[in-house]
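Participant: Enclosed is the structure file protein37.cif (mmCIF, C-alpha atoms).
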```cif
data_upload
loop_
_atom_site.label_atom_id
_atom_site.label_comp_id
_atom_site.auth_asym_id
_atom_site.auth_seq_id
_atom_site.Cartn_x
_atom_site.Cartn_y
_atom_site.Cartn_z
CA MET M 1 104.62 116.23 80.57
CA ASN M 2 103.87 114.10 83.61
CA LEU M 3 103.06 111.12 81.35
CA VAL M 4 106.31 111.54 79.43
CA ALA M 5 108.31 111.87 82.64
CA MET M 6 106.71 108.72 84.08
CA VAL M 7 107.36 106.69 80.94
CA THR M 8 110.98 107.80 80.59
CA LEU M 9 111.77 107.63 84.32
CA PRO M 10 113.36 104.13 84.24
CA ALA M 11 115.56 105.07 81.29
CA ARG M 12 116.62 108.34 82.88
CA ALA M 13 117.33 106.61 86.18
CA GLY M 14 119.41 103.95 84.46
CA LEU M 15 121.37 106.50 82.47
CA ALA M 16 121.94 108.63 85.58
CA LEU M 17 123.22 105.62 87.52
CA THR M 18 125.45 104.64 84.60
CA ASP M 19 126.80 108.16 84.37
CA SER M 20 127.50 108.21 88.11
CA ALA M 21 129.24 104.86 87.95
CA LEU M 22 131.37 105.97 84.99
CA GLY M 23 132.21 109.20 86.81
CA VAL M 24 133.34 107.27 89.87
CA ALA M 25 135.41 104.90 87.74
CA GLU M 26 136.98 107.79 85.84
CA THR M 27 137.81 109.60 89.09
CA ALA M 28 139.35 106.45 90.56
CA LEU M 29 141.39 105.87 87.38
CA GLY M 30 142.62 109.44 87.38
CA ALA M 31 143.58 109.25 91.05
CA ALA M 32 145.40 105.96 90.44
CA ARG M 33 147.36 107.51 87.61
CA VAL M 34 148.31 110.47 89.76
CA LEU M 35 149.40 108.15 92.57
CA LEU M 36 151.38 106.02 90.14
CA ALA M 37 153.10 109.05 88.68
CA ALA M 38 153.81 110.44 92.14
CA SER M 39 155.19 107.17 93.45
CA THR M 40 157.45 106.44 90.43
CA GLY M 41 158.65 109.98 89.79
CA PRO M 42 161.91 111.41 91.09
CA GLY M 43 161.78 112.37 94.75
CA ALA M 44 158.45 110.53 95.31
CA ALA M 45 157.25 110.08 98.87
CA SER M 46 155.54 107.05 100.30
CA LEU M 47 151.73 106.82 100.28
CA GLY M 48 151.61 107.63 103.96
CA GLY M 49 153.79 110.67 103.41
CA LEU M 50 151.66 111.71 100.45
CA ALA M 51 148.48 111.51 102.51
CA THR M 52 150.07 113.46 105.35
CA ALA M 53 151.52 116.12 103.11
CA ASN M 54 148.32 116.63 101.10
CA PRO M 55 145.13 115.61 102.98
CA SER M 56 142.94 116.61 100.02
CA GLY M 57 145.12 114.93 97.42
CA PRO M 58 144.68 111.79 95.29
CA LEU M 59 144.82 109.35 98.23
CA LYS M 60 141.99 111.16 99.98
CA LEU M 61 140.05 111.16 96.71
CA LEU M 62 140.52 107.41 96.34
CA GLN M 63 139.30 106.91 99.90
CA GLN M 64 136.16 108.95 99.20
CA VAL M 65 135.53 106.98 95.99
CA ALA M 66 135.90 103.72 97.89
CA GLU M 67 133.44 104.92 100.53
CA LEU M 68 130.91 105.94 97.87
CA ALA M 69 131.18 102.56 96.15
CA SER M 70 130.97 100.51 99.36
CA ASP M 71 128.13 98.03 99.77
CA GLU M 72 126.58 100.12 102.55
CA ARG M 73 126.11 103.18 100.34
CA PRO M 74 123.32 103.60 97.74
CA LEU M 75 125.77 103.88 94.83
CA GLY M 76 127.54 100.69 95.87
CA GLN M 77 124.23 98.86 96.25
CA ALA M 78 123.14 100.04 92.80
CA MET M 79 126.45 98.87 91.25
CA ARG M 80 126.66 95.48 92.96
CA PRO M 81 126.40 92.39 90.72
CA GLY M 82 122.77 91.67 90.00
CA GLY M 83 121.77 95.03 91.48
CA PRO M 84 119.48 97.70 90.05
CA LEU M 85 122.05 98.96 87.53
CA ASP M 86 122.69 95.45 86.20
CA ARG M 87 118.97 94.78 85.90
CA LEU M 88 118.39 98.08 84.07
CA LEU M 89 121.23 97.50 81.59
CA GLU M 90 120.94 93.74 81.09
CA PRO M 91 120.13 92.50 77.56
CA GLY M 92 116.37 92.73 77.09
CA GLY M 93 116.06 94.84 80.24
CA VAL M 94 114.24 98.09 80.82
CA VAL M 95 116.73 100.29 78.94
CA ASP M 96 116.84 97.89 75.98
CA ARG M 97 113.04 97.78 75.76
CA LEU M 98 112.78 101.56 75.99
CA THR M 99 115.44 102.29 73.35
CA ALA M 100 114.71 99.38 70.98
CA PRO M 101 113.54 100.20 67.41
CA GLY M 102 109.80 100.73 67.63
CA GLY M 103 110.04 100.76 71.44
CA THR M 104 108.45 103.08 73.95
CA LEU M 105 110.95 105.93 73.58
CA GLU M 106 110.78 105.87 69.79
CA ARG M 107 106.97 105.91 69.81
CA ILE M 108 107.01 108.86 72.23
CA ILE M 109 109.34 111.04 70.14
CA GLU M 110 108.11 110.03 66.67
CA PRO M 111 106.52 112.77 64.47
CA GLY M 112 102.92 113.25 65.53
CA GLY M 113 103.58 111.24 68.68
CA PRO M 114 102.69 112.06 72.27
CA LEU M 115 105.68 114.35 72.87
CA GLU M 116 105.01 116.40 69.74
CA ARG M 117 101.31 116.71 70.59
CA VAL M 118 102.11 117.76 74.15
CA LEU M 119 104.58 120.42 72.99
CA ALA M 120 102.54 121.60 69.97
CA THR M 121 101.38 125.22 69.67
CA GLY M 122 98.15 125.51 71.61
CA GLY M 123 98.77 122.11 73.20
CA PRO M 124 98.70 121.14 76.87
CA VAL M 125 102.05 122.75 77.73
CA ASP M 126 101.04 126.01 76.02
CA ARG M 127 97.74 126.05 77.88
CA LEU M 128 99.49 125.34 81.18
CA LEU M 129 102.04 128.13 80.66
CA ASP M 130 99.61 130.57 79.08
CA GLU M 131 99.08 133.95 80.70
CA ASP M 132 96.31 133.50 83.25
CA GLY M 133 96.69 129.73 82.77
CA PRO M 134 96.58 127.12 85.54
CA ILE M 135 100.24 127.54 86.57
CA GLU M 136 99.96 131.33 86.61
CA ARG M 137 96.83 131.13 88.76
CA LEU M 138 98.47 128.55 91.00
CA LEU M 139 101.57 130.69 91.61
CA ALA M 140 99.85 134.09 91.69
CA ARG M 141 100.04 136.17 94.85
CA GLY M 142 97.19 135.04 97.03
CA GLY M 143 96.59 132.05 94.73
CA LEU M 144 96.05 128.42 95.59
CA LEU M 145 99.68 127.71 96.51
CA ASP M 146 99.84 130.78 98.75
CA ARG M 147 96.62 129.78 100.48
CA ILE M 148 97.78 126.19 101.00
CA THR M 149 101.18 127.18 102.41
CA ALA M 150 99.99 130.24 104.35
CA GLU M 151 100.59 130.50 108.06
CA ASP M 152 97.91 128.46 109.80
CA GLY M 153 96.79 127.30 106.34
CA PRO M 154 95.63 123.82 105.33
CA LEU M 155 99.16 122.37 104.98
CA GLU M 156 100.26 123.67 108.36
CA ARG M 157 97.09 122.40 110.02
CA LEU M 158 97.52 118.99 108.40
CA THR M 159 101.15 118.61 109.51
CA ALA M 160 100.80 120.27 112.93
CA THR M 161 101.58 118.40 116.12
CA ALA M 162 98.51 116.34 117.03
CA GLY M 163 97.06 117.31 113.64
CA PRO M 164 95.12 115.01 111.31
CA LEU M 165 98.22 113.57 109.60
CA GLU M 166 99.95 112.75 112.87
CA THR M 167 96.73 111.30 114.28
CA LEU M 168 96.42 109.03 111.26
CA THR M 169 100.05 107.87 111.14
CA LYS M 170 101.01 107.71 114.82
CA GLU M 171 101.67 104.37 116.47
CA GLY M 172 98.33 102.82 117.30
CA GLY M 173 96.54 105.37 115.11
CA LEU M 174 93.84 104.82 112.55
CA ILE M 175 96.17 103.46 109.85
CA ASP M 176 97.83 101.06 112.32
CA ARG M 177 94.44 99.85 113.51
CA ALA M 178 93.24 99.44 109.93
CA LEU M 179 96.30 97.37 108.94
CA GLU M 180 96.69 95.29 112.09
CA GLU M 181 95.70 91.64 112.19
CA GLY M 182 91.95 91.45 112.54
CA GLY M 183 91.68 95.17 111.79
CA ILE M 184 89.26 97.07 109.60
CA LEU M 185 91.03 96.28 106.32
CA GLU M 186 91.30 92.58 107.04
CA THR M 187 87.66 92.47 108.14
CA LEU M 188 86.59 94.15 104.92
CA LEU M 189 88.71 92.00 102.59
CA ALA M 190 88.51 88.66 104.42
CA GLU M 191 86.76 85.69 102.86
CA ASP M 192 83.02 86.12 103.49
CA GLY M 193 83.87 89.55 104.92
CA ALA M 194 81.86 92.72 104.77
CA LEU M 195 82.94 93.68 101.24
CA GLU M 196 82.26 90.21 99.86
CA ARG M 197 78.82 90.12 101.49
CA ILE M 198 78.00 93.51 99.97
CA ILE M 199 78.94 92.55 96.41
CA VAL M 200 77.74 88.92 96.50
CA GLU M 201 75.09 87.97 93.95
CA GLY M 202 71.71 88.86 95.39
CA GLY M 203 73.34 90.87 98.17
CA PRO M 204 72.73 94.46 99.27
CA LEU M 205 74.38 95.96 96.18
CA ASP M 206 72.22 93.88 93.82
CA GLN M 207 69.15 94.75 95.86
CA ILE M 208 69.93 98.46 95.66
CA VAL M 209 70.36 98.18 91.87
CA SER M 210 67.07 96.27 91.62
CA LEU M 211 65.33 98.85 93.80
CA SER M 212 66.64 101.68 91.64
CA GLU M 213 65.33 99.92 88.53
CA THR M 214 61.94 99.43 90.21
CA LEU M 215 61.81 103.09 91.20
CA ALA M 216 62.73 104.10 87.67
CA ALA M 217 59.86 101.95 86.34
CA LEU M 218 57.47 103.45 88.89
CA ALA M 219 58.27 107.02 87.90
CA PRO M 220 55.91 107.13 84.84
CA ASN M 221 53.07 105.53 86.89
CA LEU M 222 53.59 108.04 89.68
CA GLU M 223 53.41 110.84 87.15
CA LYS M 224 50.12 109.46 85.81
CA MET M 225 48.78 109.15 89.36
CA GLY M 226 49.69 112.78 89.92
CA ASP M 227 47.70 113.77 86.85
CA SER M 228 44.73 111.68 88.07
CA ILE M 229 44.87 113.26 91.52
CA GLU M 230 44.89 116.70 89.94
CA LEU M 231 41.82 115.76 87.85
CA LEU M 232 40.04 114.44 90.99
CA ARG M 233 40.85 117.67 92.79
CA GLU M 234 39.29 119.68 89.98
CA THR M 235 36.21 117.40 90.02
CA VAL M 236 35.82 117.84 93.78
CA GLY M 237 35.99 121.57 93.28
CA VAL M 238 33.24 121.47 90.65
CA LEU M 239 31.03 119.27 92.88
CA SER M 240 31.58 121.56 95.85
CA SER M 241 30.54 124.58 93.81
CA ALA M 242 27.39 122.70 92.74
CA VAL M 243 26.44 121.51 96.27
CA GLY M 244 26.26 125.08 97.60
CA PRO M 245 23.32 126.23 95.42
CA LEU M 246 21.52 122.92 96.04
CA GLY M 247 21.72 123.50 99.80
CA GLU M 248 20.30 126.97 99.45
CA LEU M 249 17.42 125.61 97.31
CA ALA M 250 16.63 122.94 99.91
CA GLY M 251 16.42 125.63 102.60
CA ARG M 252 13.74 127.49 100.65
CA LEU M 253 11.42 124.45 100.33
CA PRO M 254 8.31 124.31 102.67
CA GLY M 255 8.87 122.50 105.95
CA ARG M 256 6.13 119.97 105.35
CA TRP M 257 7.90 118.80 102.21
CA LEU M 258 11.05 118.22 104.15
CA LYS M 259 9.28 116.49 107.13
CA GLY M 260 7.55 113.99 104.87
CA GLY M 261 4.35 113.86 107.11
CA ARG M 262 0.93 112.69 105.87
CA SER M 263 -1.10 115.32 104.15
CA ASN M 264 -4.72 115.94 105.30
CA GLY M 265 -7.56 118.23 104.34
CA ALA M 266 -6.68 120.89 106.89
CA GLU M 267 -3.31 121.33 105.30
CA TYR M 268 -4.96 122.12 102.02
#
```
Using C-alpha cells, write down the structure that the file contains.
Facilitator:
Amino acid sequence: MNLVAMVTLPARAGLALTDSALGVAETALGAARVLLAASTGPGAASLGGLATANPSGPLKLLQQVAELASDERPLGQAMRPGGPLDRLLEPGGVVDRLTAPGGTLERIIEPGGPLERVLATGGPVDRLLDEDGPIERLLARGGLLDRITAEDGPLERLTATAGPLETLTKEGGLIDRALEEGGILETLLAEDGALERIIVEGGPLDQIVSLSETLAALAPNLEKMGDSIELLRETVGVLSSAVGPLGELAGRLPGRWLKGGRSNGAEY
C-alpha cells in the first residue's frame, strides 16, 4: 500500500487542489449571486448595510474566499499562473502522464497488476491485517508502539530537552558542523578528500579487498599446516614414549662401557 500511495500521490494532490479550487470558485459564484439578488431585489440595502446587518452573510463569505485565494496563502500560491496546480494539470504534465492510456495509474489498477496483487487474498495487506500479524503486534497493549511512546521511553528520550535530537539539530550542533563550509561533509566529499582517497584505485579499499582475497587463498594452506602440525605432535609423542625405555636401558649398562676407558687385564 505504501508503494501505491507514493505512486498516486501526485495525482491525488493535483485532484485535491483542483477540487479545492473548484470549491472556492463555486462558493464565490454562489456568494456573488446572493449579493446580486440582494442588491437588485425590492428593499435591498447597500453592501455596507448588508455587511453590518449580517456579519456572517455573503459579503463576509466573499471576504474569506478572497483571503484564502490571496497570493500569501498556500491555496493562492497553488492557483497562481504557472504555479503547482498549473504544472500538475498542464498538457503532458504529471496528471496527464498518470492517467494516460497505458500510463502509471492504468498499469497499477489493471487485472493482475500491483494493486490487485497487494489486495489479493493472502497477499501483503491480508498478512499485515491478519490476527497476530505485524499491525496487531505493533498496536497490542505493551507492544512496540506502546514501548516507543511510553513515559520515559525511547521517543521521549530522543525528543527531550538536551536530548540526542536537540543536540544534533541545535545551532552549532553536529549537523551544523557537518554542513558548514570546511566541515566534515565537505572534507569527506571534496576533490581529493577522504572519501576519494579511500575509494581511489589502489587505495585502502582496494588493498583491503586484495588482503581479503589473499587471506581466502591462505585458508586452505593454513588448514594443511594445521594437519601437519598435528602429525608432528603425534610423532613427537611416539618418540618421547620410545626415549623413556632407552634411557632406562642405558642406566643398566656397566659403568666402564659408558666411561669408554681402555680395557686392561685386571679388568678381565
Participant: Rounded to one decimal in Å, what is the spacing between atom CA of M:Glu201 and atom CA of M:Glu213?
Facilitator: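 Interatomic distance here is 16.4 Å.
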Participant: Which value, in Å to one decimal, gives the distance between atom CA of M:Leu119 and atom CA of M:Arg107?
Facilitator: 15.0 Å
Participant: Return the padded bounding box of stretch 191-195 of chain M as lines of an AutoDock Vina configuration file: axis-aligned, built from all atoms listed in the file, 3 Å added on each side, with centre and edge lengths in Å to one decimal.
Facilitator:
```
center_x = 84.3
center_y = 89.7
center_z = 103.1
size_x = 10.9
size_y = 14.0
size_z = 9.7
```
Participant: So what do you get for atom CA of M:Leu218 versus atom CA of M:Gly202, distance-wise?
Facilitator: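 Distance reported for this atom pair: 21.4 Å.
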Participant: Counting all atoms listed in the file, which residues of stretch 139-249 of chain M sit at most 12 Å from some atom of stretch 130-133 of chain M, and what is each one's closest atom pair with its distance in Å to one decimal, listed by chain and rising residue number, as a Markdown table?
Facilitator:
```
| residue | atom | partner | partner_atom | distance |
| --- | --- | --- | --- | --- |
| M:Leu139 | CA | M:Gly133 | CA | 10.1 |
| M:Ala140 | CA | M:Asp132 | CA | 9.2 |
| M:Gly143 | CA | M:Asp132 | CA | 11.6 |
```
Participant: Some atoms are missing, so please complete stretch 88-101 of chain M with N, CA, C and O atoms and return it as a PDB file, in the frame of the given file.
Facilitator:
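After the write, out_6.pdb holds the following:
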```
ATOM      1  N   LEU M  88     118.796  97.070  85.049  1.00  0.00           N
ATOM      2  CA  LEU M  88     118.390  98.080  84.070  1.00  0.00           C
ATOM      3  C   LEU M  88     119.106  97.891  82.741  1.00  0.00           C
ATOM      4  O   LEU M  88     118.503  98.056  81.673  1.00  0.00           O
ATOM      5  N   LEU M  89     120.407  97.538  82.791  1.00  0.00           N
ATOM      6  CA  LEU M  89     121.230  97.500  81.590  1.00  0.00           C
ATOM      7  C   LEU M  89     121.394  96.105  81.004  1.00  0.00           C
ATOM      8  O   LEU M  89     122.081  95.946  79.992  1.00  0.00           O
ATOM      9  N   GLU M  90     120.785  95.092  81.617  1.00  0.00           N
ATOM     10  CA  GLU M  90     120.940  93.740  81.090  1.00  0.00           C
ATOM     11  C   GLU M  90     120.263  93.620  79.716  1.00  0.00           C
ATOM     12  O   GLU M  90     119.322  94.365  79.414  1.00  0.00           O
ATOM     13  N   PRO M  91     120.750  92.680  78.882  1.00  0.00           N
ATOM     14  CA  PRO M  91     120.130  92.500  77.560  1.00  0.00           C
ATOM     15  C   PRO M  91     118.639  92.175  77.703  1.00  0.00           C
ATOM     16  O   PRO M  91     118.257  91.305  78.478  1.00  0.00           O
ATOM     17  N   GLY M  92     117.809  92.918  76.986  1.00  0.00           N
ATOM     18  CA  GLY M  92     116.370  92.730  77.090  1.00  0.00           C
ATOM     19  C   GLY M  92     115.762  93.380  78.310  1.00  0.00           C
ATOM     20  O   GLY M  92     114.577  93.191  78.582  1.00  0.00           O
ATOM     21  N   GLY M  93     116.548  94.171  79.044  1.00  0.00           N
ATOM     22  CA  GLY M  93     116.060  94.840  80.240  1.00  0.00           C
ATOM     23  C   GLY M  93     115.274  96.099  79.910  1.00  0.00           C
ATOM     24  O   GLY M  93     114.879  96.350  78.766  1.00  0.00           O
ATOM     25  N   VAL M  94     115.082  96.895  80.959  1.00  0.00           N
ATOM     26  CA  VAL M  94     114.240  98.090  80.820  1.00  0.00           C
ATOM     27  C   VAL M  94     114.817  99.049  79.776  1.00  0.00           C
ATOM     28  O   VAL M  94     114.101  99.535  78.891  1.00  0.00           O
ATOM     29  N   VAL M  95     116.124  99.338  79.866  1.00  0.00           N
ATOM     30  CA  VAL M  95     116.730 100.290  78.940  1.00  0.00           C
ATOM     31  C   VAL M  95     116.675  99.775  77.517  1.00  0.00           C
ATOM     32  O   VAL M  95     116.385 100.520  76.572  1.00  0.00           O
ATOM     33  N   ASP M  96     116.925  98.465  77.327  1.00  0.00           N
ATOM     34  CA  ASP M  96     116.840  97.890  75.980  1.00  0.00           C
ATOM     35  C   ASP M  96     115.436  98.002  75.413  1.00  0.00           C
ATOM     36  O   ASP M  96     115.247  98.345  74.242  1.00  0.00           O
ATOM     37  N   ARG M  97     114.425  97.713  76.244  1.00  0.00           N
ATOM     38  CA  ARG M  97     113.040  97.780  75.760  1.00  0.00           C
ATOM     39  C   ARG M  97     112.638  99.214  75.438  1.00  0.00           C
ATOM     40  O   ARG M  97     111.891  99.465  74.498  1.00  0.00           O
ATOM     41  N   LEU M  98     113.131 100.166  76.240  1.00  0.00           N
ATOM     42  CA  LEU M  98     112.780 101.560  75.990  1.00  0.00           C
ATOM     43  C   LEU M  98     113.422 102.097  74.716  1.00  0.00           C
ATOM     44  O   LEU M  98     112.805 102.857  73.966  1.00  0.00           O
ATOM     45  N   THR M  99     114.679 101.709  74.466  1.00  0.00           N
ATOM     46  CA  THR M  99     115.440 102.290  73.350  1.00  0.00           C
ATOM     47  C   THR M  99     115.431 101.404  72.105  1.00  0.00           C
ATOM     48  O   THR M  99     116.061 101.756  71.114  1.00  0.00           O
ATOM     49  N   ALA M 100     114.736 100.271  72.136  1.00  0.00           N
ATOM     50  CA  ALA M 100     114.710  99.380  70.980  1.00  0.00           C
ATOM     51  C   ALA M 100     113.968 100.043  69.816  1.00  0.00           C
ATOM     52  O   ALA M 100     113.118 100.918  70.023  1.00  0.00           O
ATOM     53  N   PRO M 101     114.291  99.660  68.555  1.00  0.00           N
ATOM     54  CA  PRO M 101     113.540 100.200  67.410  1.00  0.00           C
ATOM     55  C   PRO M 101     112.048  99.887  67.561  1.00  0.00           C
ATOM     56  O   PRO M 101     111.662  98.743  67.795  1.00  0.00           O
TER      57      PRO M 101
END
```
